[in-house]
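Enquirer: Dumping the structure here so I can ask a few things about it.
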Amino acid sequence: MHRHDRELHKTFTKAQRVRPSLFPIYLAAGLFYLLLLPEQLNFRLGAALLPPYRVYLLAGFLLLFSQTSKRTPIRFGWSDVAVVFGCFWIVMASYFTSESLGPALLQGGAHLTDIGFAYFFMRLAIRTPNEMRIFLVIIAPGVALMGIFVFLESVSGRLLIQPLFSAITGQPTRVGVDVRLGLTRGVASFPHPILAGICLTSFLTLYWMSGLRSWPRFAGALGACAAFFTMSSAALLGLIAGSGLMMYDWLSRRIGNFTWPLFIGGVTALYVVIELVSDSGFFNLLVRYASLNTVSAYNRVIIWEYGSQSVINHPIFGIGYADWERPSWMNWSTSSSIDHFWLILAMRFGLPASLLLIFATIAAVVSVAKKSVQLGQADARFQRGVAISLSVFALGAVSVSLWLNALVWFFMLLGTAASLGAQVIHSPKTRLSSARLAAIQPTAFGHSAAVSQGDRLKP
């Protein structure tokens, strides 16, 4: 046997021997599908709000944790440390800003579950690019279905999912029909159109750069593009930014001078110039000129101004869920909601909580991007897709407050990125490219995952 063939056979045999169970991936997919249930199915146990996904998340995490000894140990990184301390700070801040222990446990526990448990759930469930691909194949019908409902609600002028479940459960529908530019804002099962838009947008680069082909890739990508019909500025900017970054990645693989360090340096320089030259700053310019609704754009600017002042006044533990300080005229001219996820974290739980979770996001993006350099073409491109998806999602959160299913999905994606950034790469002498190994290794669906040109993985 030829030396190269012996190494190929040895690597494949080892891959078969250590191939993990698909049960954690199916468990993660089950969590995702529960996120798609409308809030009319949420129930309360006393004062505690218990969406179905939250119960499943706690039980599933304990089940995954009990099986960690059967899998490769997790390599802890900076993102893990930052999320742990960020969650600890949120729980501690909830205690110091609450009038009694009961509300502190409810508020801190809910955020600990939706942030910390969601993050480490995916850290335990997804370890490699191929495991993430299988996850994407399984959830592709759900992503496509949400996109279809968003589209149908937009063009039909009426909501479809939530009124139906409201009639079944008797729980009210809190979101109403909102029209922008002649189209109804589709919402599907999400609590708000902007949450539907920003979540669907996150799947664009995940699917298009995954290496999957056939129906999963197109179903996921079309579901992502349906975010347009939420008529949300954050979703539209996310689609544009994701498409633009995919185009730059395509150019970077064909033109040597187009590198990612060059791109990041250019964007950073542009940001600094705008901050120095502009009187209003980068955030205010972005909100003012990139919004579909001038009134909401103005509201976001003044909310940022007075919300930032609240953080300055209460920088350590924030104000909890107390009403934030603002002029009386804002009570009738603007909503009391704060459409800025990173700002509301700092306002409620203190600046350290927000900064720690921002750092966790940046560290995950950097780690998954750096790891892509060590991988074969298919996996490298997929990991850049994950980095782009998480980056666009995190930047879009500056114009929306994440809660419930959208909050959980963001930290599931963050946990996935951290896992892919921390994966162990075998020695170059024995490591196969993703494409060559996939060509001979059976998939979870019982047949060969043959790869076509461009190292695309067939589910």
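Residue numbering restarts at 1 in every chain; chains get A, B, ... in the order shown in the structure tokens, and ligands count up from 1 in that same order.
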Please return as a PyMOL selection string: the residues of segment 27-231 of chain A that backbone DSSP assigns to strand (DSSP E or B).
Expert: chain A and resi 43-45+48-50+179-180+183-184+212
Enquirer: Excluding same-chain residues fewer than 4 positions from segment 158-161 of chain A, what lies within 7 Å of it counting only C-alpha atoms, as number ranges by chain?
Expert: A: 153, 165, 177, 188-189
Enquirer: Please, could you write that set of residues out with all heavy atoms as a PDB file, in the first residue's frame?
Expert:
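Writing done, so here's result.pdb:
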```
ATOM      1  N   GLU A 153     -47.289  36.802   5.573  1.00  0.00           N
ATOM      2  CA  GLU A 153     -47.890  37.843   6.412  1.00  0.00           C
ATOM      3  C   GLU A 153     -47.674  39.223   5.814  1.00  0.00           C
ATOM      4  O   GLU A 153     -48.552  40.089   5.875  1.00  0.00           O
ATOM      5  CB  GLU A 153     -47.298  37.776   7.822  1.00  0.00           C
ATOM      6  CG  GLU A 153     -47.758  36.564   8.619  1.00  0.00           C
ATOM      7  CD  GLU A 153     -47.148  36.489  10.000  1.00  0.00           C
ATOM      8  OE1 GLU A 153     -46.187  37.246  10.271  1.00  0.00           O
ATOM      9  OE2 GLU A 153     -47.623  35.685  10.813  1.00  0.00           O
ATOM     10  N   PHE A 165     -52.596  30.785  17.416  1.00  0.00           N
ATOM     11  CA  PHE A 165     -52.266  30.232  18.726  1.00  0.00           C
ATOM     12  C   PHE A 165     -52.944  31.015  19.846  1.00  0.00           C
ATOM     13  O   PHE A 165     -53.232  30.452  20.905  1.00  0.00           O
ATOM     14  CB  PHE A 165     -50.750  30.223  18.924  1.00  0.00           C
ATOM     15  CG  PHE A 165     -50.063  29.081  18.241  1.00  0.00           C
ATOM     16  CD1 PHE A 165     -49.604  29.186  16.939  1.00  0.00           C
ATOM     17  CD2 PHE A 165     -49.896  27.872  18.902  1.00  0.00           C
ATOM     18  CE1 PHE A 165     -48.988  28.126  16.304  1.00  0.00           C
ATOM     19  CE2 PHE A 165     -49.276  26.798  18.281  1.00  0.00           C
ATOM     20  CZ  PHE A 165     -48.820  26.921  16.971  1.00  0.00           C
ATOM     21  N   VAL A 177     -50.504  44.649  13.631  1.00  0.00           N
ATOM     22  CA  VAL A 177     -50.175  44.842  12.226  1.00  0.00           C
ATOM     23  C   VAL A 177     -49.523  46.210  12.061  1.00  0.00           C
ATOM     24  O   VAL A 177     -50.075  47.227  12.454  1.00  0.00           O
ATOM     25  CB  VAL A 177     -51.429  44.729  11.344  1.00  0.00           C
ATOM     26  CG1 VAL A 177     -51.089  45.062   9.897  1.00  0.00           C
ATOM     27  CG2 VAL A 177     -52.034  43.335  11.448  1.00  0.00           C
ATOM     28  N   ALA A 188     -44.077  36.289  11.919  1.00  0.00           N
ATOM     29  CA  ALA A 188     -44.122  34.830  12.149  1.00  0.00           C
ATOM     30  C   ALA A 188     -44.371  34.557  13.630  1.00  0.00           C
ATOM     31  O   ALA A 188     -45.301  35.113  14.210  1.00  0.00           O
ATOM     32  CB  ALA A 188     -42.854  34.170  11.628  1.00  0.00           C
ATOM     33  N   SER A 189     -43.527  33.736  14.272  1.00  0.00           N
ATOM     34  CA  SER A 189     -43.763  33.388  15.674  1.00  0.00           C
ATOM     35  C   SER A 189     -42.914  34.200  16.638  1.00  0.00           C
ATOM     36  O   SER A 189     -42.900  33.919  17.834  1.00  0.00           O
ATOM     37  CB  SER A 189     -43.474  31.895  15.885  1.00  0.00           C
ATOM     38  OG  SER A 189     -42.122  31.595  15.571  1.00  0.00           O
TER      39      SER A 189
END
```
Enquirer: Need the shell around Asp114 of chain A: protein/DNA/RNA residues with any atom at most 8 Å away, counting only C-alpha atoms. Skip same-chain ones fewer than 6 positions apart. Format as a ChimeraX atom specification?
Expert: /A:54,404,407-408,411
Enquirer: Take the residues that were just selected and, keeping C-alpha atoms, output them as a short mmCIF file (atom, residue, chain, number, x, y, z; two decimals), in the first residue's frame.
Expert:
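The result, written out as result_21.cif:
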```
data_model
loop_
_atom_site.label_atom_id
_atom_site.label_comp_id
_atom_site.auth_asym_id
_atom_site.auth_seq_id
_atom_site.Cartn_x
_atom_site.Cartn_y
_atom_site.Cartn_z
CA ARG A 54 -36.34 27.42 28.79
CA LEU A 404 -36.70 35.52 24.61
CA LEU A 407 -31.62 36.29 22.86
CA VAL A 408 -31.20 32.52 23.13
CA PHE A 411 -25.91 33.07 22.46
#
```
Enquirer: Using DSSP on the backbone coordinates, identify the residues of segment 145-384 of chain A assigned to helix (DSSP H, G or I); present them as an NGL selection string.
Expert: :A and (145-156 or 161-169 or 193-201 or 203-208 or 215-230 or 233-252 or 260-277 or 281-289 or 294-313 or 330-333 or 341-349 or 351-372 or 377-384)
Enquirer: In Å to one decimal, how far is atom CA of Leu106 of chain A from atom CA of Ile316 of chain A?
Expert: 20.3 Å
Enquirer: May I have the residues within 12 Å of Phe228 of chain A as a ChimeraX atom specification, using only C-alpha atoms and disregarding those fewer than 2 positions away in the same chain?
Expert: /A:147-148,150-151,154-155,180-181,183-187,193-194,196-201,204,222-226,230-240,292
Enquirer: Between atom CA of Tyr56 of chain A and atom CA of Tyr33 of chain A, what is the distance in Å, rounded to a tenth?
Expert: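 Between these atoms lies a distance of 10.9 Å.
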Enquirer: Pick out the closest residue to Phe65 of chain A from this set: A:Ile115, A:Ser156, A:Ala125, A:Val365. Count only C-alpha atoms.
Expert: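 Between A:Ile115, A:Ser156, A:Ala125, A:Val365, the residue approaching Phe65 of chain A most closely is A:Ala125.
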Enquirer: Between A:Ala59, A:Leu402, A:Leu245, A:Leu355, which has the minimum distance to Ser389 of chain A (counting only C-alpha atoms)?
Expert: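 Comparing A:Ala59, A:Leu402, A:Leu245, A:Leu355 against Ser389 of chain A, the winner is A:Leu245.
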Enquirer: Considering only C-alpha atoms, state which residue in the set A:Met92, A:Ile25, A:Ala167, A:Leu390 is at the smallest distance from Gly60 of chain A.
Expert: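 Going through A:Met92, A:Ile25, A:Ala167, A:Leu390 one by one, the smallest distance to Gly60 of chain A is for A:Ile25.
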Enquirer: Using only C-alpha atoms, which of the listed residues (A:Ala269, A:Pro103, A:Met347, A:Trp250) sits closest to Gln309 of chain A?
Expert: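 Smallest distance to Gln309 of chain A is found for A:Met347.
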Enquirer: If you measure from atom CA of Ile303 of chain A to atom CA of Tyr321 of chain A, what distance in Å do you get, rounded to one decimal?
Expert: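 Computed distance, atom CA of Ile303 of chain A to atom CA of Tyr321 of chain A, equals 16.1 Å.
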